[in-house]
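Data block for data14.pdb (PDB, C-alpha atoms, pLDDT in the B column):
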```pdb
ATOM      1  CA  MET A 148      19.708  -8.632   0.672  1.00 92.00           C
ATOM      2  CA  LEU A 149      16.757  -6.249   0.788  1.00 94.00           C
ATOM      3  CA  ILE A 150      15.058  -4.786  -2.280  1.00 96.00           C
ATOM      4  CA  ARG A 151      12.560  -1.941  -2.387  1.00 97.00           C
ATOM      5  CA  PHE A 152      10.245  -1.967  -5.389  1.00 98.00           C
ATOM      6  CA  ASN A 153       7.737   0.695  -6.420  1.00 98.00           C
ATOM      7  CA  LYS A 154       4.988  -1.666  -7.531  1.00 97.00           C
ATOM      8  CA  PRO A 155       2.721  -0.289 -10.236  1.00 97.00           C
ATOM      9  CA  TYR A 156      -1.021  -0.885 -10.445  1.00 97.00           C
ATOM     10  CA  GLY A 157      -1.895  -4.277 -11.938  1.00 96.00           C
ATOM     11  CA  VAL A 158       1.106  -6.225 -10.622  1.00 96.00           C
ATOM     12  CA  LEU A 159       0.674  -9.044  -8.119  1.00 95.00           C
ATOM     13  CA  SER A 160       2.883  -9.506  -5.052  1.00 93.00           C
ATOM     14  CA  GLN A 161       4.131 -12.773  -6.540  1.00 93.00           C
ATOM     15  CA  PHE A 162       6.417 -13.624  -9.419  1.00 93.00           C
ATOM     16  CA  THR A 163       3.859 -15.613 -11.417  1.00 91.00           C
ATOM     17  CA  PRO A 164       1.183 -13.733 -13.385  1.00 91.00           C
ATOM     18  CA  GLU A 165      -2.419 -14.724 -12.789  1.00 91.00           C
ATOM     19  CA  GLY A 166      -5.422 -13.923 -14.970  1.00 91.00           C
ATOM     20  CA  ARG A 167      -5.362 -10.268 -15.994  1.00 91.00           C
ATOM     21  CA  TRP A 168      -2.663  -9.372 -13.431  1.00 94.00           C
ATOM     22  CA  ARG A 169       1.059  -9.324 -14.185  1.00 94.00           C
ATOM     23  CA  GLY A 170       3.668 -10.873 -11.906  1.00 94.00           C
ATOM     24  CA  LEU A 171       6.832  -9.470 -10.352  1.00 94.00           C
ATOM     25  CA  LYS A 172       9.012 -11.362 -12.829  1.00 92.00           C
ATOM     26  CA  ASP A 173       8.067  -8.712 -15.416  1.00 92.00           C
ATOM     27  CA  HIS A 174      10.029  -6.217 -13.300  1.00 94.00           C
ATOM     28  CA  ILE A 175      12.488  -8.092 -11.071  1.00 94.00           C
ATOM     29  CA  ASP A 176      14.601 -10.880 -12.506  1.00 87.00           C
ATOM     30  CA  MET A 177      16.485 -11.982  -9.415  1.00 86.00           C
ATOM     31  CA  PRO A 178      16.281 -15.572  -8.175  1.00 87.00           C
ATOM     32  CA  GLY A 179      16.148 -16.327  -4.465  1.00 91.00           C
ATOM     33  CA  VAL A 180      14.249 -13.258  -3.242  1.00 93.00           C
ATOM     34  CA  TYR A 181      10.792 -13.398  -1.718  1.00 92.00           C
ATOM     35  CA  VAL A 182       8.113 -10.821  -0.963  1.00 94.00           C
ATOM     36  CA  ALA A 183       8.056  -9.530   2.624  1.00 91.00           C
ATOM     37  CA  GLY A 184       4.417  -8.546   3.029  1.00 87.00           C
ATOM     38  CA  ARG A 185       1.791  -8.237   0.348  1.00 89.00           C
ATOM     39  CA  LEU A 186       0.252  -5.435  -1.638  1.00 94.00           C
ATOM     40  CA  ASP A 187      -2.904  -6.038  -3.669  1.00 94.00           C
ATOM     41  CA  ALA A 188      -2.701  -5.922  -7.466  1.00 95.00           C
ATOM     42  CA  ASP A 189      -4.933  -2.834  -7.503  1.00 95.00           C
ATOM     43  CA  SER A 190      -2.680  -1.032  -5.010  1.00 97.00           C
ATOM     44  CA  GLU A 191       0.607   0.689  -5.779  1.00 97.00           C
ATOM     45  CA  GLY A 192       3.794   1.585  -3.994  1.00 97.00           C
ATOM     46  CA  LEU A 193       6.414   0.121  -1.721  1.00 98.00           C
ATOM     47  CA  LEU A 194       6.927  -3.625  -1.795  1.00 97.00           C
ATOM     48  CA  LEU A 195       9.910  -5.133  -0.011  1.00 96.00           C
ATOM     49  CA  LEU A 196      11.644  -8.327  -1.098  1.00 96.00           C
ATOM     50  CA  THR A 197      14.429 -10.203   0.642  1.00 94.00           C
ATOM     51  CA  ASP A 198      16.485 -13.389   0.521  1.00 93.00           C
ATOM     52  CA  ASP A 199      16.579 -13.554   4.363  1.00 89.00           C
ATOM     53  CA  GLY A 200      13.765 -15.540   6.019  1.00 87.00           C
ATOM     54  CA  GLN A 201      14.206 -13.857   9.401  1.00 88.00           C
ATOM     55  CA  GLN A 202      14.096 -10.402   7.837  1.00 88.00           C
ATOM     56  CA  GLN A 203      11.013 -11.412   5.855  1.00 88.00           C
ATOM     57  CA  ALA A 204       9.267 -12.449   9.094  1.00 86.00           C
ATOM     58  CA  ARG A 205      10.219  -9.209  10.891  1.00 86.00           C
ATOM     59  CA  ILE A 206       8.731  -7.166   8.050  1.00 86.00           C
ATOM     60  CA  ALA A 207       5.620  -9.225   7.281  1.00 84.00           C
ATOM     61  CA  ASP A 208       4.563 -10.901  10.536  1.00 79.00           C
ATOM     62  CA  PRO A 209       1.796  -8.951  12.333  1.00 74.00           C
ATOM     63  CA  ARG A 210       3.365  -9.824  15.710  1.00 77.00           C
ATOM     64  CA  PHE A 211       6.088  -7.259  14.998  1.00 78.00           C
ATOM     65  CA  LYS A 212       3.488  -4.558  14.206  1.00 74.00           C
ATOM     66  CA  MET A 213       5.739  -2.750  11.747  1.00 88.00           C
ATOM     67  CA  GLU A 214       3.994   0.456  10.707  1.00 93.00           C
ATOM     68  CA  LYS A 215       2.790   0.770   7.143  1.00 95.00           C
ATOM     69  CA  THR A 216       2.077   4.225   5.707  1.00 97.00           C
ATOM     70  CA  TYR A 217      -0.393   4.759   2.880  1.00 97.00           C
ATOM     71  CA  LEU A 218      -1.394   7.672   0.709  1.00 98.00           C
ATOM     72  CA  VAL A 219      -5.086   7.177  -0.080  1.00 98.00           C
ATOM     73  CA  GLN A 220      -7.252   9.006  -2.586  1.00 97.00           C
ATOM     74  CA  VAL A 221     -10.855   8.689  -1.478  1.00 97.00           C
ATOM     75  CA  GLU A 222     -14.218   9.581  -2.926  1.00 96.00           C
ATOM     76  CA  GLY A 223     -15.823  12.366  -0.912  1.00 95.00           C
ATOM     77  CA  VAL A 224     -14.663  15.053   1.490  1.00 95.00           C
ATOM     78  CA  VAL A 225     -12.635  14.065   4.540  1.00 96.00           C
ATOM     79  CA  ASP A 226     -14.091  15.436   7.777  1.00 96.00           C
ATOM     80  CA  ASP A 227     -13.136  15.334  11.455  1.00 96.00           C
ATOM     81  CA  LYS A 228     -15.668  12.583  12.168  1.00 97.00           C
ATOM     82  CA  ALA A 229     -14.005  10.229   9.667  1.00 97.00           C
ATOM     83  CA  LEU A 230     -10.501  11.076  10.916  1.00 97.00           C
ATOM     84  CA  THR A 231     -11.538  10.492  14.540  1.00 97.00           C
ATOM     85  CA  ALA A 232     -13.109   7.134  13.679  1.00 97.00           C
ATOM     86  CA  LEU A 233      -9.974   5.991  11.834  1.00 97.00           C
ATOM     87  CA  ALA A 234      -7.779   7.176  14.711  1.00 97.00           C
ATOM     88  CA  ARG A 235      -9.832   5.197  17.241  1.00 96.00           C
ATOM     89  CA  GLY A 236     -10.105   2.108  15.064  1.00 95.00           C
ATOM     90  CA  VAL A 237     -13.148   1.009  13.099  1.00 96.00           C
ATOM     91  CA  THR A 238     -15.124  -2.198  13.290  1.00 95.00           C
ATOM     92  CA  LEU A 239     -14.872  -4.356  10.179  1.00 95.00           C
ATOM     93  CA  ASN A 240     -16.643  -7.643   9.460  1.00 94.00           C
ATOM     94  CA  ASP A 241     -13.631  -9.506  10.923  1.00 93.00           C
ATOM     95  CA  GLY A 242     -13.474  -7.371  14.072  1.00 94.00           C
ATOM     96  CA  PRO A 243     -12.182  -3.995  15.205  1.00 96.00           C
ATOM     97  CA  THR A 244      -8.976  -2.544  13.793  1.00 95.00           C
ATOM     98  CA  LEU A 245      -6.224  -1.152  15.928  1.00 93.00           C
ATOM     99  CA  PRO A 246      -6.167   2.634  16.155  1.00 95.00           C
ATOM    100  CA  ALA A 247      -4.535   4.283  13.135  1.00 96.00           C
ATOM    101  CA  ARG A 248      -2.888   7.614  12.534  1.00 97.00           C
ATOM    102  CA  ALA A 249      -4.935   9.498   9.971  1.00 97.00           C
ATOM    103  CA  CYS A 250      -4.742  12.988   8.550  1.00 97.00           C
ATOM    104  CA  GLU A 251      -5.971  14.757   5.456  1.00 97.00           C
ATOM    105  CA  VAL A 252      -3.188  15.770   3.058  1.00 97.00           C
ATOM    106  CA  GLN A 253      -2.981  17.822  -0.105  1.00 96.00           C
ATOM    107  CA  ALA A 254      -3.059  16.000  -3.434  1.00 93.00           C
ATOM    108  CA  PRO A 255       0.533  15.061  -4.263  1.00 93.00           C
ATOM    109  CA  VAL A 256       1.979  17.151  -7.080  1.00 91.00           C
ATOM    110  CA  ASP A 257       4.772  14.773  -8.103  1.00 90.00           C
ATOM    111  CA  LEU A 258       2.753  11.556  -8.257  1.00 93.00           C
ATOM    112  CA  TRP A 259       3.159   9.306 -11.283  1.00 94.00           C
ATOM    113  CA  PRO A 260       0.036   8.737 -13.410  1.00 92.00           C
ATOM    114  CA  ARG A 261      -1.840   5.510 -12.808  1.00 93.00           C
ATOM    115  CA  ASN A 262      -2.579   3.217 -15.714  1.00 88.00           C
ATOM    116  CA  PRO A 263      -5.542   2.914 -16.006  1.00 90.00           C
ATOM    117  CA  PRO A 264      -6.561   6.203 -14.381  1.00 89.00           C
ATOM    118  CA  ILE A 265      -9.001   6.146 -11.454  1.00 89.00           C
ATOM    119  CA  ARG A 266     -12.687   6.550 -12.207  1.00 84.00           C
ATOM    120  CA  ALA A 267     -13.656  10.168 -11.779  1.00 79.00           C
ATOM    121  CA  ARG A 268     -17.161  11.491 -11.277  1.00 82.00           C
ATOM    122  CA  GLN A 269     -17.660  15.186 -11.914  1.00 84.00           C
ATOM    123  CA  SER A 270     -20.306  15.581  -9.200  1.00 87.00           C
ATOM    124  CA  ILE A 271     -18.305  13.909  -6.406  1.00 90.00           C
ATOM    125  CA  PRO A 272     -15.078  15.471  -5.095  1.00 93.00           C
ATOM    126  CA  THR A 273     -12.060  13.461  -4.054  1.00 94.00           C
ATOM    127  CA  SER A 274      -9.697  13.927  -1.110  1.00 96.00           C
ATOM    128  CA  TRP A 275      -6.364  12.514   0.034  1.00 97.00           C
ATOM    129  CA  LEU A 276      -5.473  10.894   3.359  1.00 97.00           C
ATOM    130  CA  GLU A 277      -2.287   9.667   4.917  1.00 98.00           C
ATOM    131  CA  LEU A 278      -3.065   6.555   6.946  1.00 97.00           C
ATOM    132  CA  VAL A 279      -0.595   4.693   9.167  1.00 97.00           C
ATOM    133  CA  ILE A 280      -1.564   1.218  10.415  1.00 95.00           C
ATOM    134  CA  ARG A 281       0.214  -1.579  12.290  1.00 91.00           C
ATOM    135  CA  GLU A 282      -1.870  -4.468  11.021  1.00 88.00           C
ATOM    136  CA  GLY A 283      -2.065  -6.051   7.608  1.00 81.00           C
ATOM    137  CA  ARG A 284      -5.470  -7.605   7.147  1.00 87.00           C
ATOM    138  CA  ASN A 285      -6.792  -8.368   3.698  1.00 88.00           C
ATOM    139  CA  ARG A 286      -7.676  -5.074   1.953  1.00 93.00           C
ATOM    140  CA  GLN A 287      -7.693  -3.378   5.352  1.00 95.00           C
ATOM    141  CA  VAL A 288      -7.140   0.233   4.290  1.00 96.00           C
ATOM    142  CA  ARG A 289      -9.854   0.024   1.633  1.00 97.00           C
ATOM    143  CA  ARG A 290     -12.279  -1.484   4.142  1.00 97.00           C
ATOM    144  CA  MET A 291     -11.396   1.116   6.791  1.00 97.00           C
ATOM    145  CA  THR A 292     -12.006   4.083   4.506  1.00 97.00           C
ATOM    146  CA  ALA A 293     -15.252   2.541   3.238  1.00 97.00           C
ATOM    147  CA  ALA A 294     -16.397   2.035   6.853  1.00 97.00           C
ATOM    148  CA  VAL A 295     -16.155   5.803   7.434  1.00 97.00           C
ATOM    149  CA  GLY A 296     -17.981   6.636   4.195  1.00 97.00           C
ATOM    150  CA  LEU A 297     -14.913   7.383   2.039  1.00 97.00           C
ATOM    151  CA  PRO A 298     -14.425   4.684  -0.624  1.00 96.00           C
ATOM    152  CA  THR A 299     -10.821   4.296  -1.775  1.00 97.00           C
ATOM    153  CA  LEU A 300     -10.073   5.263  -5.374  1.00 96.00           C
ATOM    154  CA  ARG A 301      -6.282   4.972  -5.301  1.00 97.00           C
ATOM    155  CA  LEU A 302      -4.024   3.376  -2.704  1.00 98.00           C
ATOM    156  CA  ILE A 303      -0.255   3.862  -2.540  1.00 98.00           C
ATOM    157  CA  ARG A 304       1.940   2.401   0.193  1.00 97.00           C
ATOM    158  CA  THR A 305       4.698   4.933   0.820  1.00 97.00           C
ATOM    159  CA  ALA A 306       6.543   3.290   3.724  1.00 97.00           C
ATOM    160  CA  VAL A 307       6.985   0.088   5.703  1.00 95.00           C
ATOM    161  CA  GLY A 308       8.722   0.770   8.990  1.00 93.00           C
ATOM    162  CA  PRO A 309      11.952   2.630   8.203  1.00 94.00           C
ATOM    163  CA  TYR A 310      11.805   1.844   4.466  1.00 95.00           C
ATOM    164  CA  ASN A 311      10.123   4.268   2.056  1.00 96.00           C
ATOM    165  CA  LEU A 312       9.561   5.125  -1.608  1.00 96.00           C
ATOM    166  CA  ASP A 313      11.560   8.366  -1.581  1.00 94.00           C
ATOM    167  CA  GLY A 314      13.003   9.000  -5.039  1.00 93.00           C
ATOM    168  CA  LEU A 315      12.076   5.590  -6.483  1.00 96.00           C
ATOM    169  CA  PRO A 316      10.120   5.885  -9.764  1.00 96.00           C
ATOM    170  CA  THR A 317       7.187   3.560 -10.380  1.00 96.00           C
ATOM    171  CA  ALA A 318       8.035   0.092 -11.779  1.00 96.00           C
ATOM    172  CA  THR A 319      11.669   0.349 -10.623  1.00 96.00           C
ATOM    173  CA  TRP A 320      13.576  -1.358  -7.831  1.00 96.00           C
ATOM    174  CA  GLN A 321      16.703  -0.781  -5.810  1.00 96.00           C
ATOM    175  CA  THR A 322      18.856  -2.939  -3.548  1.00 94.00           C
ATOM    176  CA  LEU A 323      19.164  -1.479  -0.065  1.00 91.00           C
ATOM    177  CA  THR A 324      22.279  -1.816   2.070  1.00 76.00           C
ATOM    178  CA  PRO A 325      21.652  -3.063   5.622  1.00 61.00           C
TER     179      PRO A 325
END
```
Rewritten as structure tokens:
Amino acid sequence: MLIRFNKPYGVLSQFTPEGRWRGLKDHIDMPGVYVAGRLDADSEGLLLLTDDGQQQARIADPRFKMEKTYLVQVEGVVDDKALTALARGVTLNDGPTLPARACEVQAPVDLWPRNPPIRARQSIPTSWLELVIREGRNRQVRRMTAAVGLPTLRLIRTAVGPYNLDGLPTATWQTLTP
């Protein structure tokens, strides 16, 4: 069984709540399924769950380099220098990243509101990026955008490999057929 879940902001990638963060059990009441890959509590979007250990490994294990696609709202204006750096790979405190696919995109018009909303500063514009990576280091996308001078304000995973969020409202899940 494979489940796609549109994880809202403030929900952990585990069933048990912790501190101020809610757990998956508030949204998915299905025993025997486990998260395939993680998504930080302050990130939103596609989270996959499965009851198949081999499938979980294929999705989550970095050796398989399954692409992950993110929609990222950043503080500042995206320029060619930042896009080139992301495309080549940037050096983080734990070493260089693999090259990524990065492009500036228009602000999505059909995006659900985030609760709480992002912090907005009137004097600093925001931009949107689509970023595709094949790694999954801790807070990697946020660290990559910060390394090129574009701090992340909102992070939404839209796809993992062939699986995507298309048509799935926030805080809802759906069983996928293999």
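Distance annotation: of A:Arg210, A:Arg304, A:Arg205, A:Lys172, the residue with the minimal separation from Val279 (chain A) is A:Arg304; atom set is all atoms listed in the file.
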Checklist entry - the PyMOL selection byres ((chain A and resi 225) around 12) on the file shown: which residues, as a ChimeraX atom specification? => result /A:219-224,226-233,249-253,272-277,292-293,295-299
Take the residues that were just selected and, keeping C-alpha atoms, output them as an mmCIF file, keeping the file's coordinate frame.
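Once everything was written out, this is again-v8.cif:
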```
data_model
loop_
_atom_site.group_PDB
_atom_site.id
_atom_site.type_symbol
_atom_site.label_atom_id
_atom_site.label_comp_id
_atom_site.auth_asym_id
_atom_site.auth_seq_id
_atom_site.Cartn_x
_atom_site.Cartn_y
_atom_site.Cartn_z
ATOM 1 C CA VAL A 219 -5.086 7.177 -0.080
ATOM 2 C CA GLN A 220 -7.252 9.006 -2.586
ATOM 3 C CA VAL A 221 -10.855 8.689 -1.478
ATOM 4 C CA GLU A 222 -14.218 9.581 -2.926
ATOM 5 C CA GLY A 223 -15.823 12.366 -0.912
ATOM 6 C CA VAL A 224 -14.663 15.053 1.490
ATOM 7 C CA ASP A 226 -14.091 15.436 7.777
ATOM 8 C CA ASP A 227 -13.136 15.334 11.455
ATOM 9 C CA LYS A 228 -15.668 12.583 12.168
ATOM 10 C CA ALA A 229 -14.005 10.229 9.667
ATOM 11 C CA LEU A 230 -10.501 11.076 10.916
ATOM 12 C CA THR A 231 -11.538 10.492 14.540
ATOM 13 C CA ALA A 232 -13.109 7.134 13.679
ATOM 14 C CA LEU A 233 -9.974 5.991 11.834
ATOM 15 C CA ALA A 249 -4.935 9.498 9.971
ATOM 16 C CA CYS A 250 -4.742 12.988 8.550
ATOM 17 C CA GLU A 251 -5.971 14.757 5.456
ATOM 18 C CA VAL A 252 -3.188 15.770 3.058
ATOM 19 C CA GLN A 253 -2.981 17.822 -0.105
ATOM 20 C CA PRO A 272 -15.078 15.471 -5.095
ATOM 21 C CA THR A 273 -12.060 13.461 -4.054
ATOM 22 C CA SER A 274 -9.697 13.927 -1.110
ATOM 23 C CA TRP A 275 -6.364 12.514 0.034
ATOM 24 C CA LEU A 276 -5.473 10.894 3.359
ATOM 25 C CA GLU A 277 -2.287 9.667 4.917
ATOM 26 C CA THR A 292 -12.006 4.083 4.506
ATOM 27 C CA ALA A 293 -15.252 2.541 3.238
ATOM 28 C CA VAL A 295 -16.155 5.803 7.434
ATOM 29 C CA GLY A 296 -17.981 6.636 4.195
ATOM 30 C CA LEU A 297 -14.913 7.383 2.039
ATOM 31 C CA PRO A 298 -14.425 4.684 -0.624
ATOM 32 C CA THR A 299 -10.821 4.296 -1.775
#
```
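Proximity of A:Arg261, A:Arg235, A:Lys215, A:Arg284 to Lys154 (chain A), computed with all atoms listed in the file, is greatest for A:Arg261.
Near Tyr181 (chain A), within 10 Å and counting only C-alpha atoms, sit Leu149, Ile150, Ser160, Gln161, Phe162, Met177, Leu195, Leu196, Thr197, Asp198, Asp199, Gly200 and Gln203 of chain A; same-chain residues fewer than 4 positions away were not included.
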Next on the checklist: Once the PyMOL selection byres ((chain A and resi 159) around 7) is applied to the coordinates I shared, what remains selected? I want it as number ranges by chain.
Outcome noted: A: 157-158, 160-161, 168-171, 187-188
Quick one: everything within 7 Å of Trp320 (chain A), counting all atoms listed in the file, minus sequence neighbours fewer than 3 positions away in the same chain. Send it as a short mmCIF file (atom, residue, chain, number, x, y, z; two decimals) with C-alpha atoms, in the coordinates of the input.
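As written to disk, selection_36.cif reads:
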```cif
data_model
loop_
_atom_site.label_atom_id
_atom_site.label_comp_id
_atom_site.auth_asym_id
_atom_site.auth_seq_id
_atom_site.Cartn_x
_atom_site.Cartn_y
_atom_site.Cartn_z
CA ILE A 150 15.06 -4.79 -2.28
CA ARG A 151 12.56 -1.94 -2.39
CA PHE A 152 10.24 -1.97 -5.39
CA ASN A 153 7.74 0.70 -6.42
#
```
Checklist outcome for this item: Nearest to Leu186 (chain A), restricted to only C-alpha atoms and choosing among A:Leu323, A:Leu258, A:Leu315, A:Val288, comes out as A:Val288
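Across the model, the gap from CA of Ser270 (chain A) to CA of Glu191 (chain A) is 25.9 Å.
In this comparison, which uses all atoms listed in the file, the residue of A:Ala294, A:Leu312, A:Ala183, A:Leu302 approaching Asn240 (chain A) most closely is A:Ala294.
Residues lying within 10 Å of (-5.4, 1.8, 15.3). Counted over all atoms listed in the file, they are Ala232, Leu233, Ala234, Arg235, Gly236, Val237, Pro243, Thr244, Leu245, Pro246, Ala247, Arg248, Ala249, Leu278, Val279, Ile280, Arg281 and Glu282 of chain A.
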Item to check | CA of Arg266 (chain A) to CA of Leu300 (chain A), straight-line distance in Å | outcome: 7.4 Å
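Across the structure, CA of Ile206 (chain A) and CA of Val307 (chain A) are spaced 7.8 Å apart.
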